[in-house]
$ cat query-v3.tsv   # TSV, C-alpha atoms
chain	number	residue	atom	x	y	z
M	1	MET	CA	-5.68	13.47	16.06
M	2	LEU	CA	-9.24	12.41	15.31
M	3	TYR	CA	-10.41	8.95	16.28
M	4	ARG	CA	-13.18	6.67	15.02
M	5	LYS	CA	-14.70	3.66	16.73
M	6	MET	CA	-14.29	0.11	15.46
M	7	PRO	CA	-17.98	-0.91	15.22
M	8	LYS	CA	-17.92	-4.32	16.94
M	9	ASN	CA	-15.53	-3.66	19.83
M	10	GLU	CA	-15.67	0.16	20.06
M	11	ASP	CA	-11.87	0.51	20.03
M	12	GLU	CA	-11.02	4.19	19.56
M	13	LEU	CA	-8.59	4.06	16.63
M	14	SER	CA	-6.67	6.98	15.19
M	15	ILE	CA	-8.02	7.79	11.74
M	16	LEU	CA	-4.38	7.77	10.56
M	17	GLY	CA	-2.59	4.43	10.78
M	18	PHE	CA	1.13	3.86	10.21
M	19	GLY	CA	1.73	1.40	7.37
M	20	CYS	CA	5.10	-0.34	7.60
M	21	MET	CA	5.41	-1.51	3.99
M	22	ARG	CA	7.37	1.51	2.72
M	23	LEU	CA	9.75	2.36	5.56
M	24	PRO	CA	12.84	4.47	4.80
M	25	THR	CA	15.69	2.36	3.46
M	26	LYS	CA	19.42	2.52	2.96
M	27	GLU	CA	21.14	2.20	-0.41
M	28	ASP	CA	21.08	-1.59	-0.15
M	29	ARG	CA	17.25	-1.48	0.37
M	30	THR	CA	17.49	-2.65	3.98
M	31	ILE	CA	15.44	-0.67	6.49
M	32	ASP	CA	17.10	2.45	7.83
M	33	GLU	CA	16.22	1.28	11.30
M	34	GLU	CA	17.27	4.30	13.34
M	35	ARG	CA	15.35	6.71	11.14
M	36	ALA	CA	12.32	4.43	10.79
M	37	ARG	CA	12.12	3.85	14.55
M	38	LYS	CA	12.13	7.60	15.20
M	39	GLN	CA	9.38	8.06	12.62
M	40	VAL	CA	7.14	5.35	14.07
M	41	ARG	CA	7.58	6.56	17.62
M	42	TYR	CA	7.05	10.19	16.62
M	43	ALA	CA	3.74	9.27	15.00
M	44	ILE	CA	2.67	7.34	18.10
M	45	ASP	CA	3.69	10.24	20.35
M	46	HIS	CA	1.41	12.46	18.26
M	47	GLY	CA	-1.67	10.27	18.46
M	48	VAL	CA	-1.32	7.40	15.98
M	49	ASN	CA	-2.39	4.17	17.68
M	50	TYR	CA	-2.72	1.70	14.79
M	51	ILE	CA	0.43	0.09	13.35
M	52	ASP	CA	0.19	-2.22	10.34
M	53	THR	CA	2.81	-4.66	9.07
M	54	ALA	CA	2.94	-8.06	7.32
M	55	TRP	CA	5.11	-11.14	6.80
M	56	PRO	CA	6.55	-10.15	3.37
M	57	TYR	CA	7.06	-6.40	3.88
M	58	HIS	CA	10.66	-5.32	3.31
M	59	MET	CA	11.60	-8.88	2.37
M	60	GLY	CA	10.52	-10.17	5.77
M	61	GLU	CA	12.27	-7.49	7.83
M	62	SER	CA	9.26	-5.29	8.65
M	63	GLU	CA	7.82	-7.44	11.44
M	64	PRO	CA	11.11	-7.83	13.37
M	65	PHE	CA	11.70	-4.10	12.97
M	66	VAL	CA	8.22	-3.27	14.29
M	67	GLY	CA	8.81	-5.56	17.26
M	68	ARG	CA	11.95	-3.61	18.14
M	69	ALA	CA	10.39	-0.21	17.41
M	70	LEU	CA	7.53	-0.93	19.82
M	71	ALA	CA	9.85	-1.66	22.73
M	72	ASP	CA	10.23	0.75	25.67
M	73	GLY	CA	6.50	0.86	26.34
M	74	TYR	CA	5.32	1.68	22.82
M	75	ARG	CA	3.61	-1.69	22.32
M	76	GLU	CA	1.12	-0.82	25.04
M	77	LYS	CA	0.22	2.44	23.27
M	78	VAL	CA	-0.97	0.90	20.00
M	79	LYS	CA	-3.17	-1.65	18.33
M	80	LEU	CA	-0.90	-3.89	16.27
M	81	ALA	CA	-1.95	-5.43	12.96
M	82	THR	CA	-0.22	-8.08	10.88
M	83	LYS	CA	-1.27	-10.71	8.37
M	84	LEU	CA	-1.30	-14.43	7.63
M	85	PRO	CA	0.61	-14.92	4.33
M	86	SER	CA	-2.23	-16.72	2.56
M	87	TRP	CA	-0.21	-17.78	-0.51
M	88	MET	CA	2.26	-19.69	1.69
M	89	VAL	CA	-0.33	-21.71	3.62
M	90	GLU	CA	-0.61	-25.37	2.61
M	91	SER	CA	-2.12	-26.89	5.75
M	92	ARG	CA	-4.05	-26.09	8.91
M	93	GLU	CA	-0.79	-26.48	10.85
M	94	ASP	CA	0.86	-23.80	8.72
M	95	MET	CA	-1.58	-21.21	10.06
M	96	ASP	CA	-0.48	-21.72	13.65
M	97	LYS	CA	3.15	-21.92	12.56
M	98	PHE	CA	3.03	-18.52	10.88
M	99	LEU	CA	1.06	-16.85	13.67
M	100	ASN	CA	3.38	-18.16	16.38
M	101	ALA	CA	6.43	-17.05	14.39
M	102	GLN	CA	4.91	-13.59	14.00
M	103	LEU	CA	4.22	-13.30	17.71
M	104	GLU	CA	7.89	-14.04	18.32
M	105	LYS	CA	9.13	-11.62	15.66
M	106	LEU	CA	6.86	-8.87	16.95
M	107	CYS	CA	7.87	-9.50	20.59
M	108	THR	CA	4.26	-9.77	21.73
M	109	ASP	CA	1.85	-12.37	23.05
M	110	HIS	CA	-1.12	-11.22	20.97
M	111	ILE	CA	-2.03	-9.53	17.71
M	112	ASP	CA	-4.77	-6.94	18.12
M	113	TYR	CA	-5.88	-7.03	14.47
M	114	TYR	CA	-4.94	-10.14	12.51
M	115	LEU	CA	-5.76	-10.41	8.81
M	116	ILE	CA	-5.63	-13.02	6.09
M	117	HIS	CA	-3.38	-11.28	3.61
M	118	SER	CA	-4.39	-10.41	0.03
M	119	LEU	CA	-7.54	-12.48	-0.32
M	120	VAL	CA	-9.31	-13.24	-3.58
M	121	GLY	CA	-12.11	-15.75	-4.09
M	122	GLU	CA	-9.95	-18.75	-4.95
M	123	THR	CA	-7.66	-18.20	-1.97
M	124	TRP	CA	-10.58	-17.94	0.41
M	125	THR	CA	-12.04	-21.20	-0.90
M	126	LYS	CA	-8.67	-22.94	-0.44
M	127	LEU	CA	-8.19	-21.62	3.09
M	128	GLU	CA	-11.75	-22.54	4.08
M	129	THR	CA	-11.03	-26.10	2.98
M	130	LEU	CA	-7.80	-26.14	4.99
M	131	GLY	CA	-9.59	-25.04	8.17
M	132	VAL	CA	-9.00	-21.29	8.46
M	133	ILE	CA	-12.29	-20.76	10.32
M	134	ASP	CA	-11.22	-23.25	12.98
M	135	PHE	CA	-7.85	-21.49	13.12
M	136	PHE	CA	-9.41	-18.10	13.76
M	137	ASP	CA	-11.89	-19.47	16.30
M	138	LYS	CA	-9.15	-21.14	18.34
M	139	ALA	CA	-6.62	-18.32	18.06
M	140	ARG	CA	-9.25	-15.84	19.24
M	141	ALA	CA	-10.27	-18.15	22.08
M	142	ASP	CA	-6.71	-18.58	23.35
M	143	GLY	CA	-5.95	-14.86	23.06
M	144	ARG	CA	-3.28	-14.91	20.37
M	145	ILE	CA	-5.65	-12.96	18.11
M	146	ILE	CA	-8.04	-10.32	19.41
M	147	ASN	CA	-9.81	-9.26	16.19
M	148	ALA	CA	-10.09	-11.20	12.94
M	149	GLY	CA	-10.06	-9.65	9.49
M	150	PHE	CA	-8.81	-9.90	5.93
M	151	SER	CA	-7.17	-7.69	3.32
M	152	PHE	CA	-8.64	-7.84	-0.13
M	153	HIS	CA	-7.56	-7.40	-3.76
M	154	GLY	CA	-10.24	-9.30	-5.70
M	155	SER	CA	-13.61	-8.65	-7.34
M	156	ARG	CA	-16.67	-7.11	-5.69
M	157	GLU	CA	-18.50	-10.43	-6.06
M	158	ASP	CA	-15.73	-12.25	-4.19
M	159	PHE	CA	-15.70	-9.52	-1.56
M	160	ARG	CA	-19.35	-10.03	-0.63
M	161	LYS	CA	-18.83	-13.78	-0.45
M	162	ILE	CA	-15.87	-13.39	1.92
M	163	VAL	CA	-17.60	-10.79	4.10
M	164	ASP	CA	-20.49	-13.22	4.53
M	165	GLY	CA	-18.20	-16.21	5.08
M	166	TYR	CA	-17.15	-15.57	8.69
M	167	ASP	CA	-17.83	-13.45	11.76
M	168	TRP	CA	-15.19	-10.86	10.87
M	169	ASP	CA	-14.41	-7.83	12.99
M	170	PHE	CA	-12.88	-5.78	10.19
M	171	CYS	CA	-11.49	-5.80	6.67
M	172	GLN	CA	-8.83	-3.90	4.73
M	173	ILE	CA	-9.40	-2.66	1.19
M	174	GLN	CA	-7.64	-0.52	-1.37
M	175	TYR	CA	-9.58	2.70	-1.77
M	176	ASN	CA	-8.93	6.15	-3.23
M	177	PHE	CA	-10.62	8.44	-5.72
M	178	LEU	CA	-9.31	6.35	-8.64
M	179	ASP	CA	-10.55	3.07	-7.15
M	180	GLU	CA	-14.23	3.71	-6.51
M	181	LYS	CA	-15.13	0.94	-8.95
M	182	ASN	CA	-11.97	-1.15	-8.65
M	183	GLN	CA	-11.66	-4.23	-6.41
M	184	ALA	CA	-14.07	-3.83	-3.45
M	185	GLY	CA	-14.69	-0.20	-4.35
M	186	THR	CA	-17.36	2.04	-2.85
M	187	GLU	CA	-19.91	-0.75	-3.11
M	188	GLY	CA	-17.70	-3.04	-1.02
M	189	LEU	CA	-16.90	-0.30	1.49
M	190	GLU	CA	-20.59	0.30	2.10
M	191	TYR	CA	-21.43	-3.40	2.19
M	192	ALA	CA	-18.77	-4.17	4.80
M	193	ALA	CA	-19.92	-1.27	6.94
M	194	SER	CA	-23.55	-2.41	6.66
M	195	LYS	CA	-22.45	-5.75	8.14
M	196	GLY	CA	-20.82	-4.06	11.11
M	197	LEU	CA	-17.21	-4.42	9.97
M	198	GLY	CA	-14.61	-1.77	10.61
M	199	VAL	CA	-12.88	-0.80	7.37
M	200	ILE	CA	-9.15	-0.12	7.14
M	201	ILE	CA	-8.03	1.65	3.96
M	202	MET	CA	-4.75	0.92	2.18
M	203	GLU	CA	-3.29	2.79	-0.81
M	204	PRO	CA	-5.27	6.01	-0.18
M	205	LEU	CA	-2.79	7.83	-2.46
M	206	ARG	CA	-2.06	4.90	-4.82
M	207	GLY	CA	1.42	4.38	-3.38
M	208	GLY	CA	2.06	8.13	-3.41
M	209	LYS	CA	1.20	8.49	-7.10
M	210	LEU	CA	-1.67	10.86	-6.26
M	211	ALA	CA	0.51	13.05	-4.05
M	212	SER	CA	3.88	13.83	-5.60
M	213	PRO	CA	5.00	14.80	-8.13
M	214	VAL	CA	1.73	16.24	-9.39
M	215	PRO	CA	1.30	16.58	-13.18
M	216	PRO	CA	0.83	20.23	-14.22
M	217	ALA	CA	-2.57	19.45	-15.76
M	218	VAL	CA	-3.71	18.05	-12.40
M	219	GLU	CA	-2.16	20.89	-10.41
M	220	ASP	CA	-4.13	23.36	-12.53
M	221	ILE	CA	-7.36	21.66	-11.46
M	222	TRP	CA	-6.46	21.62	-7.76
M	223	ASN	CA	-5.67	25.34	-8.05
M	224	GLU	CA	-9.25	26.03	-9.11
M	225	SER	CA	-10.32	25.55	-5.50
M	226	PRO	CA	-10.51	28.66	-3.29
M	227	VAL	CA	-9.39	26.41	-0.41
M	228	LYS	CA	-5.72	25.59	-0.96
M	229	ARG	CA	-4.62	22.07	-0.06
M	230	THR	CA	-1.78	19.83	-1.17
M	231	ALA	CA	-2.60	16.93	-3.45
M	232	ALA	CA	-1.91	14.55	-0.55
M	233	GLU	CA	-4.40	16.37	1.66
M	234	TRP	CA	-7.05	16.30	-1.05
M	235	GLY	CA	-6.57	12.56	-1.51
M	236	LEU	CA	-6.61	11.73	2.18
M	237	ARG	CA	-9.55	13.97	2.97
M	238	TRP	CA	-11.54	12.41	0.14
M	239	VAL	CA	-11.13	8.97	1.78
M	240	TRP	CA	-11.79	10.25	5.29
M	241	ASN	CA	-14.90	12.00	4.01
M	242	HIS	CA	-16.56	8.56	3.96
M	243	PRO	CA	-18.06	7.82	7.39
M	244	GLU	CA	-17.76	4.07	6.73
M	245	VAL	CA	-13.95	4.36	6.88
M	246	THR	CA	-12.37	3.62	10.25
M	247	VAL	CA	-8.60	3.98	9.65
M	248	VAL	CA	-6.53	5.14	6.69
M	249	LEU	CA	-3.07	3.60	6.43
M	250	SER	CA	-0.27	5.79	5.17
M	251	GLY	CA	3.15	4.42	4.23
M	252	MET	CA	4.96	7.42	5.67
M	253	ASN	CA	8.72	7.35	5.12
M	254	GLU	CA	9.56	11.04	5.04
M	255	GLU	CA	9.38	13.24	8.12
M	256	THR	CA	7.53	15.91	6.13
M	257	HIS	CA	4.92	13.34	5.10
M	258	ILE	CA	4.32	12.42	8.72
M	259	GLU	CA	3.91	16.05	9.75
M	260	GLU	CA	1.50	16.74	6.90
M	261	ASN	CA	-0.57	13.61	7.48
M	262	LEU	CA	-0.80	14.28	11.22
M	263	ALA	CA	-2.00	17.82	10.53
M	264	VAL	CA	-4.69	16.62	8.11
M	265	ALA	CA	-5.78	13.93	10.58
M	266	ASP	CA	-6.61	16.66	13.08
M	267	LYS	CA	-9.44	18.02	10.93
M	268	ALA	CA	-10.61	15.36	8.45
M	269	TYR	CA	-14.16	14.81	9.67
M	270	PRO	CA	-16.59	12.58	7.73
M	271	ASN	CA	-18.89	14.38	5.28
M	272	SER	CA	-16.81	17.57	5.60
M	273	LEU	CA	-16.09	18.11	1.91
M	274	THR	CA	-18.55	20.30	0.03
M	275	GLU	CA	-20.31	19.20	-3.14
M	276	ALA	CA	-18.14	21.61	-5.13
M	277	GLU	CA	-15.00	20.05	-3.63
M	278	LEU	CA	-16.21	16.55	-4.44
M	279	GLN	CA	-16.80	17.60	-8.03
M	280	LEU	CA	-13.28	19.02	-8.17
M	281	VAL	CA	-11.89	15.66	-7.05
M	282	LYS	CA	-13.97	13.97	-9.75
M	283	LYS	CA	-12.43	16.29	-12.32
M	284	VAL	CA	-8.93	15.39	-11.09
M	285	GLU	CA	-9.81	11.70	-11.26
M	286	GLN	CA	-10.81	12.04	-14.90
M	287	LYS	CA	-7.57	13.85	-15.73
M	288	TYR	CA	-5.46	11.14	-14.06
M	289	ARG	CA	-7.29	8.50	-16.08
M	290	GLU	CA	-6.29	10.33	-19.24
M	291	LEU	CA	-2.64	10.52	-18.19
M	292	MET	CA	-1.77	7.31	-16.34
M	293	LYS	CA	-0.87	4.22	-18.34
M	294	ALA	CA	0.01	1.72	-15.58
M	295	GLY	CA	-2.09	1.38	-12.44
M	296	CYS	CA	0.91	0.36	-10.33
M	297	THR	CA	1.05	1.38	-6.65
M	298	GLY	CA	4.71	0.48	-6.17
M	299	CYS	CA	3.95	-2.22	-3.59
M	300	ARG	CA	6.70	-4.46	-5.06
M	301	TYR	CA	4.72	-7.66	-4.49
M	302	CYS	CA	5.79	-8.61	-8.04
M	303	MET	CA	9.45	-8.55	-7.05
M	304	PRO	CA	11.98	-10.02	-7.37
M	305	CYS	CA	11.73	-10.71	-11.07
M	306	PRO	CA	13.77	-13.77	-12.12
M	307	GLU	CA	15.18	-11.78	-15.05
M	308	GLY	CA	16.05	-8.77	-12.91
M	309	VAL	CA	13.40	-6.39	-14.29
M	310	ASP	CA	12.62	-3.64	-11.77
M	311	ILE	CA	8.93	-3.70	-12.61
M	312	PRO	CA	7.72	-0.87	-10.31
M	313	ALA	CA	10.55	1.45	-11.45
M	314	CYS	CA	9.73	0.70	-15.09
M	315	PHE	CA	6.07	1.52	-14.53
M	316	ASN	CA	6.91	4.68	-12.60
M	317	ALA	CA	9.07	5.92	-15.47
M	318	TYR	CA	6.33	5.02	-17.96
M	319	ASN	CA	3.69	6.94	-16.03
M	320	ASN	CA	6.02	9.92	-15.65
M	321	LEU	CA	6.53	9.97	-19.41
M	322	HIS	CA	2.80	10.33	-20.00
M	323	MET	CA	1.93	12.50	-17.00
M	324	PHE	CA	4.65	15.10	-17.54
M	325	GLY	CA	5.19	14.87	-21.30
M	326	ASN	CA	8.95	15.47	-21.43
M	327	ALA	CA	10.12	12.49	-23.50
M	328	ASP	CA	13.85	13.32	-23.49
M	329	GLU	CA	13.93	13.76	-19.71
M	330	ALA	CA	11.82	10.65	-19.11
M	331	LYS	CA	14.07	8.51	-21.31
M	332	PHE	CA	17.23	9.78	-19.64
M	333	MET	CA	15.87	9.25	-16.13
M	334	TYR	CA	14.76	5.77	-17.18
M	335	ALA	CA	18.34	5.04	-18.28
M	336	VAL	CA	19.71	6.47	-15.01
M	337	GLY	CA	17.29	4.61	-12.77
M	338	LEU	CA	17.19	1.25	-14.51
M	339	SER	CA	20.83	0.89	-15.64
M	340	GLY	CA	22.14	0.54	-12.08
M	341	ALA	CA	24.21	3.71	-12.46
M	342	LEU	CA	22.86	5.16	-9.23
M	343	SER	CA	22.59	2.00	-7.15
M	344	GLY	CA	25.64	0.20	-8.47
M	345	GLY	CA	23.40	-2.80	-9.08
M	346	LYS	CA	22.42	-4.73	-12.16
M	347	PRO	CA	20.17	-3.34	-14.93
M	348	GLY	CA	16.41	-3.72	-14.54
M	349	PHE	CA	15.10	-2.67	-17.96
M	350	ALA	CA	11.67	-3.61	-19.28
M	351	SER	CA	13.27	-5.28	-22.32
M	352	GLN	CA	14.76	-7.93	-20.03
M	353	CYS	CA	11.28	-9.41	-19.55
M	354	VAL	CA	10.90	-12.90	-21.06
M	355	GLN	CA	7.16	-13.08	-20.26
M	356	CYS	CA	7.52	-15.95	-17.81
M	357	GLY	CA	4.32	-14.78	-16.09
M	358	GLN	CA	5.48	-15.19	-12.48
M	359	CYS	CA	4.60	-11.56	-11.73
M	360	LEU	CA	1.01	-12.01	-12.90
M	361	GLU	CA	0.19	-14.24	-9.96
M	362	LYS	CA	1.63	-11.77	-7.46
M	363	CYS	CA	0.21	-8.43	-8.59
M	364	PRO	CA	-2.65	-7.29	-6.31
M	365	GLN	CA	-3.75	-4.83	-9.00
M	366	HIS	CA	-4.09	-7.70	-11.52
M	367	LEU	CA	-2.08	-5.78	-14.11
M	368	ASP	CA	-1.01	-7.42	-17.36
M	369	ILE	CA	2.60	-6.75	-16.44
M	370	PRO	CA	4.39	-8.40	-19.42
M	371	THR	CA	2.21	-6.52	-21.93
M	372	ILE	CA	2.75	-3.18	-20.20
M	373	LEU	CA	6.49	-3.86	-20.03
M	374	GLU	CA	6.47	-4.27	-23.81
M	375	SER	CA	5.03	-0.76	-24.11
M	376	VAL	CA	7.59	0.58	-21.64
M	377	SER	CA	10.40	-0.89	-23.72
M	378	GLU	CA	8.97	0.49	-26.95
M	379	GLU	CA	8.51	4.01	-25.64
M	380	LEU	CA	11.47	4.43	-23.28
M	381	GLU	CA	14.29	2.41	-24.81
M	382	GLY	CA	14.89	2.45	-28.58
M	383	PRO	CA	18.03	2.96	-30.68
M	384	ASP	CA	19.60	5.67	-28.49
M	385	MET	CA	19.36	3.58	-25.34
M	386	GLU	CA	23.02	2.56	-25.21
M	387	LYS	CA	24.12	6.18	-25.55
M	388	ARG	CA	21.86	7.28	-22.68
M	389	VAL	CA	23.06	4.42	-20.46
M	390	ALA	CA	26.71	5.30	-21.16
M	391	MET	CA	26.03	8.94	-20.28
M	392	ALA	CA	24.21	7.93	-17.08
M	393	LYS	CA	27.06	5.71	-15.96
M	394	GLN	CA	29.61	8.41	-16.76
M	395	MET	CA	27.68	10.93	-14.68
M	396	PHE	CA	26.71	8.80	-11.71
M	397	THR	CA	29.11	5.87	-11.35
M	398	LYS	CA	31.40	6.45	-8.39
M	399	LYS	CA	35.02	6.90	-9.35

$ encode --input "query-v3.tsv" --output "structure tokens"
Amino acid sequence: MLYRKMPKNEDELSILGFGCMRLPTKEDRTIDEERARKQVRYAIDHGVNYIDTAWPYHMGESEPFVGRALADGYREKVKLATKLPSWMVESREDMDKFLNAQLEKLCTDHIDYYLIHSLVGETWTKLETLGVIDFFDKARADGRIINAGFSFHGSREDFRKIVDGYDWDFCQIQYNFLDEKNQAGTEGLEYAASKGLGVIIMEPLRGGKLASPVPPAVEDIWNESPVKRTAAEWGLRWVWNHPEVTVVLSGMNEETHIEENLAVADKAYPNSLTEAELQLVKKVEQKYRELMKAGCTGCRYCMPCPEGVDIPACFNAYNNLHMFGNADEAKFMYAVGLSGALSGGKPGFASQCVQCGQCLEKCPQHLDIPTILESVSEELEGPDMEKRVAMAKQMFTKK
């Protein structure tokens, strides 16, 4: 495992962090705790020392799980990060209430890296007015928080304003080879580093979309390289190639993913990619932009939908239609996945959307979700939809 120093405190942090937003789950979507605990501890045993969670992850179950997973001496081996749910804060008192509740859920007396969650300009202005600077100052002074930071999903202009608005230790941004000019982007990454902030990266593989499955047209480009790497390794190494990056979070929920990421994290030095390799990544980026129709990372912040639409699953099916080009297969898998035939649950089709707009306020990617859902419905449903749903239920409904 390679390590990089947090600029202000010189903590030696593993370049690979364990993100606890996409833990393995059971059929009912609850965390598969035994499996997830083994995964987290295995990663720690192999050098990972940065664990990231948050109040809303897994419908509020991630923090209590992490608290239990870090028992038996594992808490002392890691730096623990969690986040103030900014959208739920209505008063200065709320800030202490949430932090104290998180300390209890995480079975700890301090948070090593505490962030304001999902900041944009308007939220920062609101929290400033409510006294968030006083909150951070006092929580750092009394030891409940060791390092103060924020995670960000807004514009580059807002990012600079927030970076300059407080004596932060670190920040967390979405960054990958498709997001160089999106949200904080490369400009924000370099600006934060120039101010002495450590930078934690989320969504390095766009919620796994840049790793698997890989569209044939993209695979052909990767295969042009004389050095053979998986798509996941290419994506991670591209992020780690930036010396301004301190830690890259990976939402690892498969044992094979953990093994692969640990192996890459043993050799991903900054500035280690050649110019030819960087140009190859640029070529892949351009191909993805041609193919992808919805920039969804599968974070599920938009859920639950009041009408039952499974928005991330709809967008995943829509992207698969355009990335892999097999319309019949894409339409059938859409019927299988969204009808409830596999899960035994209720349908979650795009056509159920009534454009209430609740999801628009929640999406960190700022997608026009109702408009994209219209396109999903047009291209993946149609007159044969009932026939495909009936076939899916016949094939997959338990007798």

$ residues_around --input "query-v3.tsv" --residues "stretch 328-334 of chain M" --least-positions-apart "5" --cutoff "9 Å" --atoms "all atoms listed in the file" --output "VMD selection string"
chain M and resid 313 to 314 317 to 318 320 to 321 339 349 379 to 381 385 388 to 389 391 to 392

$ residues_around --input "query-v3.tsv" --residues "stretch 283-285 of chain M" --least-positions-apart "5" --cutoff "7 Å" --atoms "all atoms listed in the file" --output "ChimeraX atom specification"
/M:177-178,218,221

$ residues_around --input "query-v3.tsv" --residues "stretch 359-370 of chain M" --least-positions-apart "4" --cutoff "10 Å" --atoms "all atoms listed in the file" --output "JSON, numbers by chain"
{"M": [87, 118, 119, 120, 152, 153, 154, 174, 182, 183, 294, 295, 296, 297, 299, 300, 301, 302, 303, 304, 305, 306, 311, 312, 315, 350, 351, 353, 354, 355, 374, 375, 376]}

$ closest_residue --input "query-v3.tsv" --among "M:Cys20, M:Asn223, M:Glu90, M:Asp28" --to "M:Pro56" --atoms "only C-alpha atoms"
M:Cys20

$ atom_distance --input "query-v3.tsv" --atom1 "atom CA of M:Ala268" --atom2 "atom CA of M:Leu2"
7.6 Å

$ residues_around --input "query-v3.tsv" --residues "M:Ala101" --least-positions-apart "6" --cutoff "12 Å" --atoms "all atoms listed in the file" --output "PyMOL selection string"
chain M and resi 54-55+60+63-64+82-85+94-95+107-111+144

$ write_last_selection --input "query-v3.tsv" --atoms "C-alpha atoms" --output "compact mmCIF listing (two decimals), keeping the file's coordinate frame"
# COMPACT_ATOMS: atom_id res chain seq x y z
CA ALA M 54 2.94 -8.06 7.32
CA TRP M 55 5.11 -11.14 6.80
CA GLY M 60 10.52 -10.17 5.77
CA GLU M 63 7.82 -7.44 11.44
CA PRO M 64 11.11 -7.83 13.37
CA THR M 82 -0.22 -8.08 10.88
CA LYS M 83 -1.27 -10.71 8.37
CA LEU M 84 -1.30 -14.43 7.63
CA PRO M 85 0.61 -14.92 4.33
CA ASP M 94 0.86 -23.80 8.72
CA MET M 95 -1.58 -21.21 10.06
CA CYS M 107 7.87 -9.50 20.59
CA THR M 108 4.26 -9.77 21.73
CA ASP M 109 1.85 -12.37 23.05
CA HIS M 110 -1.12 -11.22 20.97
CA ILE M 111 -2.03 -9.53 17.71
CA ARG M 144 -3.28 -14.91 20.37

$ closest_residue --input "query-v3.tsv" --among "M:Asp169, M:Asp384, M:Glu260, M:Glu203" --to "M:Val248" --atoms "all atoms listed in the file"
M:Glu203

$ closest_atom_pairs --input "query-v3.tsv" --of "stretch 109-187 of chain M" --to "stretch 233-244 of chain M" --cutoff "12 Å" --atoms "only C-alpha atoms" --output "tab-separated table"
residue	atom	partner	partner_atom	distance
M:Phe170	CA	M:Glu244	CA	11.5
M:Cys171	CA	M:Glu244	CA	11.7
M:Ile173	CA	M:Val239	CA	11.8
M:Gln174	CA	M:Val239	CA	10.6
M:Tyr175	CA	M:Val239	CA	7.4
M:Asn176	CA	M:Val239	CA	6.2
M:Phe177	CA	M:Trp238	CA	7.1
M:Leu178	CA	M:Gly235	CA	9.8
M:Asp179	CA	M:Val239	CA	10.7
M:Glu180	CA	M:Val239	CA	10.3
M:Gly185	CA	M:Val239	CA	11.6
M:Thr186	CA	M:His242	CA	9.5
M:Glu187	CA	M:Glu244	CA	11.2

$ closest_residue --input "query-v3.tsv" --among "M:Arg206, M:Arg92, M:Lys393, M:Lys161" --to "M:Thr125" --atoms "only C-alpha atoms"
M:Lys161

$ build_atoms --input "query-v3.tsv" --residues "stretch 145-157 of chain M" --atoms "N, CA and C atoms" --output "compact mmCIF listing (two decimals), in the coordinates of the input"
# COMPACT_ATOMS: atom_id res chain seq x y z
N ILE M 145 -5.03 -13.94 19.00
CA ILE M 145 -5.65 -12.96 18.11
C ILE M 145 -6.82 -12.33 18.86
N ILE M 146 -6.92 -11.01 18.77
CA ILE M 146 -8.04 -10.32 19.41
C ILE M 146 -9.16 -10.07 18.41
N ASN M 147 -8.82 -9.56 17.23
CA ASN M 147 -9.81 -9.26 16.19
C ASN M 147 -9.39 -9.90 14.87
N ALA M 148 -10.36 -10.48 14.18
CA ALA M 148 -10.09 -11.20 12.94
C ALA M 148 -10.55 -10.40 11.73
N GLY M 149 -9.71 -10.39 10.70
CA GLY M 149 -10.06 -9.65 9.49
C GLY M 149 -9.35 -10.21 8.27
N PHE M 150 -9.48 -9.50 7.17
CA PHE M 150 -8.81 -9.90 5.93
C PHE M 150 -8.52 -8.66 5.10
N SER M 151 -7.44 -8.73 4.32
CA SER M 151 -7.17 -7.69 3.32
C SER M 151 -7.54 -8.26 1.97
N PHE M 152 -7.95 -7.37 1.07
CA PHE M 152 -8.64 -7.84 -0.13
C PHE M 152 -8.13 -7.13 -1.39
N HIS M 153 -7.96 -7.94 -2.46
CA HIS M 153 -7.56 -7.40 -3.76
C HIS M 153 -8.30 -8.08 -4.91
N GLY M 154 -9.52 -8.57 -4.67
CA GLY M 154 -10.24 -9.30 -5.70
C GLY M 154 -11.41 -8.53 -6.26
N SER M 155 -12.43 -9.26 -6.74
CA SER M 155 -13.61 -8.65 -7.34
C SER M 155 -14.66 -8.34 -6.28
N ARG M 156 -15.60 -7.46 -6.63
CA ARG M 156 -16.67 -7.11 -5.69
C ARG M 156 -17.51 -8.32 -5.35
N GLU M 157 -17.71 -9.22 -6.31
CA GLU M 157 -18.50 -10.43 -6.06
C GLU M 157 -17.81 -11.31 -5.03
